[in-house]
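Q: mmCIF, C-alpha atoms, saved as target27.cif, coming up:
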```
data_input
loop_
_atom_site.group_PDB
_atom_site.id
_atom_site.type_symbol
_atom_site.label_atom_id
_atom_site.label_comp_id
_atom_site.auth_asym_id
_atom_site.auth_seq_id
_atom_site.Cartn_x
_atom_site.Cartn_y
_atom_site.Cartn_z
ATOM 1 C CA MET A 190 114.014 128.794 114.252
ATOM 2 C CA MET A 191 110.778 127.439 115.671
ATOM 3 C CA LEU A 192 109.026 125.150 113.241
ATOM 4 C CA GLY A 193 106.198 124.611 115.686
ATOM 5 C CA LYS A 194 104.649 127.816 114.354
ATOM 6 C CA ARG A 195 103.439 128.384 110.806
ATOM 7 C CA MET A 196 106.146 129.945 108.660
ATOM 8 C CA ARG A 197 106.675 131.294 105.162
ATOM 9 C CA VAL A 198 108.785 128.820 103.188
ATOM 10 C CA ALA A 199 110.001 129.774 99.702
ATOM 11 C CA ILE A 200 110.838 126.878 97.375
ATOM 12 C CA ILE A 201 113.027 127.762 94.391
ATOM 13 C CA GLY A 202 112.373 125.265 91.609
ATOM 14 C CA VAL A 203 108.943 124.373 92.993
ATOM 15 C CA ASN A 204 107.791 122.720 89.764
ATOM 16 C CA GLY A 205 110.706 120.280 89.619
ATOM 17 C CA GLN A 206 111.011 116.692 90.814
ATOM 18 C CA LEU A 207 112.282 117.561 94.296
ATOM 19 C CA GLY A 208 110.625 120.960 94.589
ATOM 20 C CA SER A 209 107.144 119.598 93.993
ATOM 21 C CA ASP A 210 107.440 117.088 96.857
ATOM 22 C CA LEU A 211 108.939 119.717 99.140
ATOM 23 C CA ALA A 212 105.919 121.883 98.412
ATOM 24 C CA LYS A 213 103.485 119.066 99.227
ATOM 25 C CA GLU A 214 105.158 118.233 102.537
ATOM 26 C CA PHE A 215 105.744 121.786 103.766
ATOM 27 C CA ALA A 216 102.242 122.909 102.763
ATOM 28 C CA ARG A 217 100.789 120.585 105.398
ATOM 29 C CA THR A 218 101.995 122.861 108.194
ATOM 30 C CA HIS A 219 103.478 125.996 106.612
ATOM 31 C CA ASP A 220 102.784 128.691 104.035
ATOM 32 C CA VAL A 221 104.607 127.751 100.840
ATOM 33 C CA ILE A 222 105.756 130.340 98.326
ATOM 34 C CA GLY A 223 106.466 128.486 95.095
ATOM 35 C CA ILE A 224 109.091 130.063 92.823
ATOM 36 C CA THR A 225 109.705 128.673 89.331
ATOM 37 C CA HIS A 226 112.637 129.226 86.988
ATOM 38 C CA ASP A 227 110.436 131.502 84.889
ATOM 39 C CA GLN A 228 109.907 133.702 87.932
ATOM 40 C CA LEU A 229 113.517 133.700 89.131
ATOM 41 C CA ASP A 230 116.893 132.974 87.566
ATOM 42 C CA ILE A 231 119.198 132.682 90.572
ATOM 43 C CA THR A 232 122.186 133.859 88.519
ATOM 44 C CA ASP A 233 120.555 137.331 88.546
ATOM 45 C CA PHE A 234 121.380 138.738 91.982
ATOM 46 C CA GLN A 235 119.185 141.842 91.772
ATOM 47 C CA ARG A 236 116.175 139.855 90.593
ATOM 48 C CA ALA A 237 116.721 137.314 93.385
ATOM 49 C CA LYS A 238 116.871 140.143 95.894
ATOM 50 C CA GLU A 239 113.621 141.665 94.601
ATOM 51 C CA VAL A 240 111.753 138.351 94.663
ATOM 52 C CA LEU A 241 112.936 137.308 98.114
ATOM 53 C CA LEU A 242 112.458 140.743 99.692
ATOM 54 C CA SER A 243 108.911 140.659 98.392
ATOM 55 C CA ALA A 244 108.307 137.094 99.616
ATOM 56 C CA GLN A 245 109.799 137.703 103.092
ATOM 57 C CA PRO A 246 110.392 133.980 103.762
ATOM 58 C CA SER A 247 111.694 132.503 106.992
ATOM 59 C CA VAL A 248 113.212 129.597 105.048
ATOM 60 C CA VAL A 249 114.383 129.280 101.437
ATOM 61 C CA LEU A 250 114.808 125.826 99.901
ATOM 62 C CA ASN A 251 117.007 125.937 96.790
ATOM 63 C CA THR A 252 116.509 123.051 94.373
ATOM 64 C CA ALA A 253 117.593 125.028 91.295
ATOM 65 C CA ALA A 254 120.566 123.415 89.576
ATOM 66 C CA PHE A 255 122.139 122.689 86.205
ATOM 67 C CA HIS A 256 122.340 118.923 86.719
ATOM 68 C CA VAL A 257 122.398 117.380 83.252
ATOM 69 C CA VAL A 258 125.874 115.997 83.832
ATOM 70 C CA PRO A 259 127.054 115.668 80.197
ATOM 71 C CA ALA A 260 125.804 119.189 79.413
ATOM 72 C CA CYS A 261 127.835 120.552 82.329
ATOM 73 C CA GLU A 262 130.980 119.268 80.599
ATOM 74 C CA THR A 263 130.235 121.232 77.424
ATOM 75 C CA GLU A 264 128.842 124.302 79.207
ATOM 76 C CA PRO A 265 131.050 124.686 82.294
ATOM 77 C CA GLN A 266 130.432 128.435 82.639
ATOM 78 C CA LYS A 267 126.670 127.911 82.715
ATOM 79 C CA ALA A 268 127.120 125.138 85.283
ATOM 80 C CA PHE A 269 129.263 127.404 87.480
ATOM 81 C CA ASP A 270 126.887 130.345 87.128
ATOM 82 C CA ILE A 271 123.872 128.309 88.298
ATOM 83 C CA ASN A 272 125.357 125.752 90.688
ATOM 84 C CA ALA A 273 127.973 127.965 92.335
ATOM 85 C CA LEU A 274 127.270 131.671 91.795
ATOM 86 C CA GLY A 275 123.502 131.163 92.077
ATOM 87 C CA ALA A 276 124.014 129.479 95.435
ATOM 88 C CA LYS A 277 126.344 132.321 96.471
ATOM 89 C CA HIS A 278 123.658 134.886 95.658
ATOM 90 C CA LEU A 279 121.095 133.065 97.807
ATOM 91 C CA ALA A 280 123.624 132.738 100.629
ATOM 92 C CA GLN A 281 124.439 136.459 100.526
ATOM 93 C CA LEU A 282 120.737 137.282 100.594
ATOM 94 C CA SER A 283 120.223 134.834 103.443
ATOM 95 C CA GLN A 284 122.679 136.864 105.473
ATOM 96 C CA GLU A 285 121.181 140.185 104.370
ATOM 97 C CA ILE A 286 117.469 139.362 104.678
ATOM 98 C CA GLY A 287 117.758 136.880 107.534
ATOM 99 C CA TYR A 288 116.182 133.703 106.174
ATOM 100 C CA THR A 289 117.533 130.180 106.682
ATOM 101 C CA LEU A 290 118.923 128.710 103.445
ATOM 102 C CA VAL A 291 118.612 125.025 102.574
ATOM 103 C CA GLN A 292 120.928 124.138 99.678
ATOM 104 C CA TYR A 293 120.634 120.721 98.028
ATOM 105 C CA SER A 294 123.877 119.207 96.784
ATOM 106 C CA THR A 295 125.038 115.847 95.462
ATOM 107 C CA ASN A 296 126.970 112.626 96.068
ATOM 108 C CA TYR A 297 128.985 113.544 92.964
ATOM 109 C CA VAL A 298 131.287 115.706 95.099
ATOM 110 C CA PHE A 299 133.175 112.449 95.846
ATOM 111 C CA ASP A 300 135.511 110.464 93.581
ATOM 112 C CA GLY A 301 134.330 106.960 94.523
ATOM 113 C CA ASN A 302 137.700 105.644 95.680
ATOM 114 C CA LYS A 303 136.625 104.987 99.275
ATOM 115 C CA LYS A 304 134.345 101.933 98.634
ATOM 116 C CA THR A 305 132.459 102.408 101.913
ATOM 117 C CA PRO A 306 129.729 105.006 102.490
ATOM 118 C CA TYR A 307 130.984 108.573 102.571
ATOM 119 C CA HIS A 308 130.233 110.639 105.657
ATOM 120 C CA GLU A 309 130.326 114.391 105.961
ATOM 121 C CA GLY A 310 133.908 114.446 107.245
ATOM 122 C CA ASP A 311 135.343 112.772 104.136
ATOM 123 C CA ALA A 312 137.285 115.010 101.763
ATOM 124 C CA PRO A 313 135.432 115.752 98.510
ATOM 125 C CA ASN A 314 137.212 115.228 95.188
ATOM 126 C CA PRO A 315 134.718 115.649 92.336
ATOM 127 C CA LEU A 316 135.510 114.031 88.995
ATOM 128 C CA ASN A 317 133.386 116.168 86.688
ATOM 129 C CA VAL A 318 132.190 119.720 86.091
ATOM 130 C CA TYR A 319 128.828 119.072 87.727
ATOM 131 C CA GLY A 320 130.468 117.840 90.931
ATOM 132 C CA VAL A 321 133.017 120.667 90.942
ATOM 133 C CA THR A 322 130.369 123.364 90.552
ATOM 134 C CA LYS A 323 128.048 121.853 93.154
ATOM 135 C CA LEU A 324 130.945 121.663 95.614
ATOM 136 C CA ALA A 325 131.733 125.320 94.914
ATOM 137 C CA GLY A 326 128.095 126.115 95.660
ATOM 138 C CA GLU A 327 128.368 124.264 98.965
ATOM 139 C CA SER A 328 131.429 126.307 99.904
ATOM 140 C CA PHE A 329 129.726 129.591 99.099
ATOM 141 C CA VAL A 330 126.686 128.676 101.189
ATOM 142 C CA ARG A 331 128.757 127.489 104.134
ATOM 143 C CA ASN A 332 130.886 130.643 104.110
ATOM 144 C CA TYR A 333 128.384 133.372 103.178
ATOM 145 C CA SER A 334 125.332 132.301 105.203
ATOM 146 C CA GLU A 335 125.310 131.714 108.958
ATOM 147 C CA LYS A 336 121.882 130.055 108.929
ATOM 148 C CA HIS A 337 122.260 127.262 106.402
ATOM 149 C CA TYR A 338 121.804 123.564 105.753
ATOM 150 C CA VAL A 339 123.752 121.931 102.931
ATOM 151 C CA LEU A 340 122.105 118.603 102.120
ATOM 152 C CA ARG A 341 123.812 116.057 99.875
ATOM 153 C CA ILE A 342 121.365 113.716 98.176
ATOM 154 C CA SER A 343 121.728 110.777 95.782
ATOM 155 C CA GLY A 344 119.909 108.967 92.982
ATOM 156 C CA ILE A 345 116.651 110.822 93.482
ATOM 157 C CA TYR A 346 113.330 109.846 91.957
ATOM 158 C CA GLY A 347 109.818 111.207 92.378
ATOM 159 C CA SER A 348 106.342 111.329 90.921
ATOM 160 C CA THR A 349 106.907 114.661 89.145
ATOM 161 C CA PRO A 350 109.111 114.529 86.024
ATOM 162 C CA CYS A 351 112.473 116.244 86.303
ATOM 163 C CA ARG A 352 112.184 119.621 84.541
ATOM 164 C CA ALA A 353 115.518 119.251 82.716
ATOM 165 C CA LYS A 354 115.759 115.479 82.217
ATOM 166 C CA GLY A 355 112.117 114.453 81.950
ATOM 167 C CA GLU A 356 111.959 110.794 82.948
ATOM 168 C CA ASN A 357 113.576 109.398 86.083
ATOM 169 C CA PHE A 358 115.367 106.045 86.154
ATOM 170 C CA ILE A 359 112.214 104.128 87.104
ATOM 171 C CA THR A 360 109.942 105.509 84.397
ATOM 172 C CA LYS A 361 112.754 105.257 81.846
ATOM 173 C CA ILE A 362 113.462 101.562 82.349
ATOM 174 C CA ILE A 363 109.756 100.671 82.554
ATOM 175 C CA LYS A 364 109.274 102.362 79.186
ATOM 176 C CA MET A 365 112.356 100.690 77.709
ATOM 177 C CA SER A 366 111.219 97.277 78.956
ATOM 178 C CA LYS A 367 108.231 97.570 76.613
ATOM 179 C CA GLU A 368 110.340 98.597 73.632
ATOM 180 C CA ARG A 369 113.416 96.335 73.783
ATOM 181 C CA PRO A 370 113.996 92.576 73.958
ATOM 182 C CA GLN A 371 116.408 93.061 76.880
ATOM 183 C CA LEU A 372 117.999 95.834 78.926
ATOM 184 C CA LYS A 373 121.678 96.231 79.791
ATOM 185 C CA ILE A 374 122.248 97.989 83.121
ATOM 186 C CA VAL A 375 125.606 98.754 84.733
ATOM 187 C CA ASP A 376 126.483 96.860 87.900
ATOM 188 C CA ASP A 377 129.693 98.723 88.824
ATOM 189 C CA GLU A 378 128.190 102.109 89.770
ATOM 190 C CA VAL A 379 126.992 101.984 93.383
ATOM 191 C CA LEU A 380 124.801 104.580 95.095
ATOM 192 C CA THR A 381 121.712 104.882 97.292
ATOM 193 C CA PRO A 382 118.525 105.696 95.381
ATOM 194 C CA THR A 383 116.225 107.945 97.397
ATOM 195 C CA PRO A 384 112.669 109.166 96.711
ATOM 196 C CA THR A 385 112.067 112.889 96.839
ATOM 197 C CA HIS A 386 109.153 112.620 99.271
ATOM 198 C CA GLU A 387 111.469 111.041 101.868
ATOM 199 C CA ILE A 388 113.958 113.884 101.385
ATOM 200 C CA ALA A 389 111.123 116.393 101.831
ATOM 201 C CA ARG A 390 109.885 114.721 105.006
ATOM 202 C CA GLN A 391 113.391 114.501 106.479
ATOM 203 C CA THR A 392 114.173 118.113 105.546
ATOM 204 C CA ILE A 393 111.292 119.272 107.736
ATOM 205 C CA GLU A 394 112.567 117.197 110.648
ATOM 206 C CA LEU A 395 116.139 118.438 110.208
ATOM 207 C CA ILE A 396 115.415 122.149 110.171
ATOM 208 C CA LYS A 397 113.375 121.831 113.353
ATOM 209 C CA SER A 398 116.689 121.077 115.060
ATOM 210 C CA ASN A 399 118.323 124.452 114.393
ATOM 211 C CA ALA A 400 121.536 122.431 114.013
ATOM 212 C CA TYR A 401 122.898 124.241 110.966
ATOM 213 C CA GLY A 402 125.584 122.656 108.829
ATOM 214 C CA LEU A 403 126.394 119.947 106.293
ATOM 215 C CA TYR A 404 124.334 116.757 106.133
ATOM 216 C CA HIS A 405 124.008 113.655 104.007
ATOM 217 C CA MET A 406 120.378 112.761 103.374
ATOM 218 C CA THR A 407 119.819 109.475 101.574
ATOM 219 C CA CYS A 408 118.053 106.210 102.235
ATOM 220 C CA GLU A 409 119.930 103.513 104.133
ATOM 221 C CA GLY A 410 121.892 100.801 102.328
ATOM 222 C CA GLU A 411 123.389 100.838 98.849
ATOM 223 C CA CYS A 412 122.990 99.148 95.474
ATOM 224 C CA SER A 413 124.202 99.208 91.902
ATOM 225 C CA TRP A 414 122.023 100.535 89.115
ATOM 226 C CA PHE A 415 121.535 96.898 88.058
ATOM 227 C CA GLU A 416 120.319 95.901 91.535
ATOM 228 C CA PHE A 417 118.015 98.913 91.575
ATOM 229 C CA ALA A 418 116.541 97.897 88.210
ATOM 230 C CA ALA A 419 116.241 94.243 89.240
ATOM 231 C CA HIS A 420 114.238 95.180 92.341
ATOM 232 C CA ILE A 421 111.895 97.311 90.230
ATOM 233 C CA PHE A 422 111.388 94.540 87.656
ATOM 234 C CA LYS A 423 110.775 91.896 90.325
ATOM 235 C CA THR A 424 108.287 94.056 92.205
ATOM 236 C CA LEU A 425 106.362 95.051 89.077
ATOM 237 C CA GLN A 426 106.682 91.550 87.577
ATOM 238 C CA ILE A 427 108.307 92.820 84.402
ATOM 239 C CA SER A 428 109.564 89.845 82.401
ATOM 240 C CA THR A 429 111.952 91.651 80.036
ATOM 241 C CA PRO A 430 115.450 90.205 80.668
ATOM 242 C CA LEU A 431 117.973 92.366 82.502
ATOM 243 C CA VAL A 432 121.642 91.936 81.631
ATOM 244 C CA SER A 433 124.380 93.295 83.885
ATOM 245 C CA CYS A 434 127.302 95.089 82.277
ATOM 246 C CA LYS A 435 130.173 97.425 83.114
ATOM 247 C CA SER A 436 130.173 101.174 82.750
ATOM 248 C CA HIS A 437 133.034 101.078 80.225
ATOM 249 C CA GLU A 438 130.632 99.364 77.821
ATOM 250 C CA PHE A 439 128.864 102.723 77.523
ATOM 251 C CA PRO A 440 131.685 105.113 76.571
ATOM 252 C CA SER A 441 131.158 108.613 77.924
ATOM 253 C CA SER A 442 133.046 111.882 77.995
ATOM 254 C CA VAL A 443 131.957 112.259 81.629
ATOM 255 C CA LYS A 444 133.920 110.764 84.502
ATOM 256 C CA ARG A 445 131.565 109.482 87.206
ATOM 257 C CA PRO A 446 132.339 108.025 90.635
ATOM 258 C CA LEU A 447 131.846 104.257 90.605
ATOM 259 C CA TYR A 448 131.010 104.353 94.313
ATOM 260 C CA SER A 449 129.062 107.235 95.829
ATOM 261 C CA ALA A 450 126.863 105.846 98.609
ATOM 262 C CA LEU A 451 126.437 108.290 101.494
ATOM 263 C CA GLU A 452 126.250 107.750 105.249
ATOM 264 C CA ASN A 453 123.854 110.029 107.168
ATOM 265 C CA PHE A 454 126.415 110.393 109.949
ATOM 266 C CA ASN A 455 125.555 113.915 111.080
ATOM 267 C CA MET A 456 121.809 113.307 111.213
ATOM 268 C CA LYS A 457 122.425 110.137 113.218
ATOM 269 C CA SER A 458 124.674 112.098 115.571
ATOM 270 C CA GLN A 459 121.783 114.531 116.123
ATOM 271 C CA GLY A 460 119.382 111.612 116.683
ATOM 272 C CA ILE A 461 117.114 112.766 113.855
ATOM 273 C CA ASN A 462 117.839 110.342 111.026
ATOM 274 C CA SER A 463 114.628 108.596 110.017
ATOM 275 C CA MET A 464 115.458 107.661 106.440
ATOM 276 C CA PRO A 465 114.242 104.146 105.499
ATOM 277 C CA HIS A 466 116.215 101.446 103.695
ATOM 278 C CA TRP A 467 116.229 102.043 99.945
ATOM 279 C CA THR A 468 114.266 98.836 99.267
ATOM 280 C CA LEU A 469 111.447 99.798 101.654
ATOM 281 C CA ALA A 470 111.234 103.314 100.210
ATOM 282 C CA LEU A 471 111.213 101.920 96.674
ATOM 283 C CA ASP A 472 108.518 99.346 97.489
ATOM 284 C CA GLN A 473 106.276 102.087 98.877
ATOM 285 C CA PHE A 474 106.887 104.340 95.877
ATOM 286 C CA LEU A 475 106.101 101.561 93.396
ATOM 287 C CA ARG A 476 102.900 100.665 95.262
ATOM 288 C CA GLU A 477 101.733 104.264 95.154
ATOM 289 C CA HIS A 478 102.723 105.161 91.601
ATOM 290 C CA HIS A 479 103.219 102.039 89.455
ATOM 291 C CA GLN A 480 100.853 99.328 90.674
#
```
As structure tokens, please, write out the structure in this file.
A:
Amino acid sequence: MMLGKRMRVAIIGVNGQLGSDLAKEFARTHDVIGITHDQLDITDFQRAKEVLLSAQPSVVLNTAAFHVVPACETEPQKAFDINALGAKHLAQLSQEIGYTLVQYSTNYVFDGNKKTPYHEGDAPNPLNVYGVTKLAGESFVRNYSEKHYVLRISGIYGSTPCRAKGENFITKIIKMSKERPQLKIVDDEVLTPTPTHEIARQTIELIKSNAYGLYHMTCEGECSWFEFAAHIFKTLQISTPLVSCKSHEFPSSVKRPLYSALENFNMKSQGINSMPHWTLALDQFLREHHQ
């Protein structure tokens, strides 16, 4: 694939948090075909085939997912239909129509037992339905489509509200800081928060390489949710007290990995990793959207 020339890029889930930033970045140099959930339910193979045959894209970016983690536990069939079978449909059509498929996945495919950043060669072992179904989607893409990129991302936040969840972590805690005398944030769940515009920018760079395969795509470094919140509060000079706590203080039916930071090993091996440290990316995002 030659990304030096202008191409047709279809973005499934274009009105979502990640999809909207992908559209902004790709539209600078390519023709973007935005596809919303109302226009296409990826669990419907025939409809997907009609839409994509009509669009004739060179690249399809799939951001569609059932990612409300607690809801996945109570609706596992729906989670599998969207996260796994939907990805399979797009992979089959990638092979049939000839487009390159970019499938976004998650750090939740890991169990958190490693305690050092996971690279692409580490064995997945998801703890919950969301992770299981996203891993199944990865497998379908990797085995049904020759021209694919599977990109695992983590702790994403952007300027567009998430279609399913609404607020992201940043907007949620800023709002809560105005409503509560103090906030309790867990300090034993570690990840790497990453803004969607950085993922969009790096996606463009990656697919120029034609080096198909599995990649981790997060900012550098790692932090707990508490450290993430503390950096936000310090930067925005929010005076509401933050109190660290443990995840068991918020009982949940969902098992989550306590450690899920990712290492961009494969992008570094290709010499194309340009993801910033999470603090630098966060500082820039806060300057642009919250100051």
Q: Can you turn the PyMOL selection byres ((chain A and resi 246-254) around 7) into a concrete residue list for this file, as a compact mmCIF listing (two decimals) with C-alpha atoms, keeping the file's coordinate frame?
A:
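What ended up in part_28.txt:
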```txt
# COMPACT_ATOMS: atom_id res chain seq x y z
CA MET A 196 106.15 129.94 108.66
CA ARG A 197 106.68 131.29 105.16
CA VAL A 198 108.78 128.82 103.19
CA ALA A 199 110.00 129.77 99.70
CA ILE A 200 110.84 126.88 97.38
CA ILE A 201 113.03 127.76 94.39
CA GLY A 202 112.37 125.26 91.61
CA LEU A 207 112.28 117.56 94.30
CA GLY A 208 110.62 120.96 94.59
CA ALA A 244 108.31 137.09 99.62
CA GLN A 245 109.80 137.70 103.09
CA PHE A 255 122.14 122.69 86.20
CA HIS A 256 122.34 118.92 86.72
CA ILE A 271 123.87 128.31 88.30
CA ASN A 272 125.36 125.75 90.69
CA TYR A 288 116.18 133.70 106.17
CA THR A 289 117.53 130.18 106.68
CA LEU A 290 118.92 128.71 103.44
CA VAL A 291 118.61 125.02 102.57
CA GLN A 292 120.93 124.14 99.68
CA TYR A 293 120.63 120.72 98.03
```
Q: Select from region 407-477 of chain A every residue with an atom at most 8 Å from any atom of region 373-385 of chain A, then for each give the shortest pair of atoms and their distance in Å to one decimal, using only C-alpha atoms, rows by chain and rising number, as CSV.
A:
```
residue,atom,partner,partner_atom,distance
A:Thr407,CA,A:Thr383,CA,5.7
A:Cys408,CA,A:Thr383,CA,5.5
A:Glu409,CA,A:Thr381,CA,7.2
A:Gly410,CA,A:Thr381,CA,6.5
A:Glu411,CA,A:Thr381,CA,4.6
A:Cys412,CA,A:Val379,CA,5.3
A:Ser413,CA,A:Val379,CA,4.2
A:Trp414,CA,A:Asp376,CA,5.9
A:Phe415,CA,A:Asp376,CA,5.0
A:Glu416,CA,A:Asp376,CA,7.2
A:Phe417,CA,A:Pro382,CA,7.8
A:Ala418,CA,A:Ile374,CA,7.6
A:Leu431,CA,A:Lys373,CA,6.0
A:Val432,CA,A:Lys373,CA,4.7
A:Ser433,CA,A:Ile374,CA,5.2
A:Cys434,CA,A:Val375,CA,4.7
A:Lys435,CA,A:Val375,CA,5.0
A:Ser436,CA,A:Val375,CA,5.5
A:Pro446,CA,A:Glu378,CA,7.3
A:Leu447,CA,A:Glu378,CA,4.3
A:Tyr448,CA,A:Val379,CA,4.8
A:Ser449,CA,A:Leu380,CA,5.1
A:Ala450,CA,A:Leu380,CA,4.3
A:Leu451,CA,A:Thr381,CA,7.2
A:Trp467,CA,A:Pro382,CA,6.3
A:Ala470,CA,A:Pro384,CA,7.0
A:Leu471,CA,A:Pro384,CA,7.4
A:Phe474,CA,A:Pro384,CA,7.6
```
Q: Restricting the calculation to only C-alpha atoms: of A:Gln235, A:Ser441, A:Gln228, A:Asn453, which residue gets closest to Pro259 (chain A)?
A: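 Between A:Gln235, A:Ser441, A:Gln228, A:Asn453, the residue approaching Pro259 (chain A) most closely is A:Ser441.
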Q: Of the candidates A:Thr218, A:Ser334, A:Thr360, A:Thr263, which shows the shortest atom-to-atom distance to Tyr346 (chain A), using only C-alpha atoms?
A: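 Selected residue with least distance to Tyr346 (chain A): A:Thr360.
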Q: Would you kindly translate the PyMOL selection byres ((chain A and resi 306) around 7) into the concrete residues it picks from this file, as a list of chain:residue names?
A: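 Output of the PyMOL selection byres ((chain A and resi 306) around 7): A:Lys304, A:Thr305, A:Tyr307, A:His308, A:Ala450, A:Leu451, A:Glu452.
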Q: Applying the PyMOL selection byres ((chain A and resi 428) around 12) to the file I just gave you, which residues come out? Please list them as a PyMOL selection string.
A: chain A and resi 363+366-367+369-372+419+421-427+429-431
Q: Identify, on the basis of all atoms listed in the file, every residue whose closest approach to Ala212 (chain A) does not exceed 8 Å; exclude the query and any residue fewer than 5 positions from it along the same chain; express the result as a short mmCIF file (atom, residue, chain, number, x, y, z; two decimals) with C-alpha atoms, keeping the file's coordinate frame.
A:
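Result file out-v6.cif:
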```cif
data_model
loop_
_atom_site.label_atom_id
_atom_site.label_comp_id
_atom_site.auth_asym_id
_atom_site.auth_seq_id
_atom_site.Cartn_x
_atom_site.Cartn_y
_atom_site.Cartn_z
CA ILE A 200 110.84 126.88 97.38
CA VAL A 203 108.94 124.37 92.99
CA VAL A 221 104.61 127.75 100.84
CA GLY A 223 106.47 128.49 95.10
#
```
Q: Interatomic distance between CA of Phe358 (chain A) and CA of His478 (chain A)?
A: 13.8 Å
Q: Rounded to one decimal place, report the CA of Met406 (chain A)-CA of Ile231 (chain A) distance in Å.
A: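 Interatomic distance here is 23.7 Å.
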Q: Using only C-alpha atoms, can you list as a ChimeraX atom specification the residues within 7 Å of (106.1, 116.3, 90.4)?
A: /A:204-206,209-210,347-350
Q: Interatomic distance between CA of Val318 (chain A) and CA of Pro440 (chain A)?
A: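 We find that CA of Val318 (chain A) and CA of Pro440 (chain A) lie 17.4 Å from each other.
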Q: Measuring atom to atom with only C-alpha atoms, identify which of A:Val321, A:Ile342, A:Ala389, A:Leu403 is nearest to Pro265 (chain A).
A: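 So, comparing all the options, the nearest one is A:Val321.
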Q: Between A:Asp230, A:Glu438, A:Glu309, A:Asp472, single out the one closest to Thr295 (chain A), counting all atoms listed in the file.
A: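 For Thr295 (chain A), the nearest of the given residues is A:Glu309.
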Q: Compare A:Ile461, A:Ile224, A:Ala268, A:Ala260 by their minimum atom-to-atom distance to Thr322 (chain A), counting all atoms listed in the file, and give me the closest one.
A: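 Using all atoms listed in the file, Thr322 (chain A) sits closest to A:Ala268.
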Q: Choose the residue, out of A:Leu469, A:Thr225, A:Gly301, A:Gly344, that has the smallest atom-to-atom separation from Asn357 (chain A); count all atoms listed in the file.
A: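 Under the stated criterion, the closest residue is A:Gly344.
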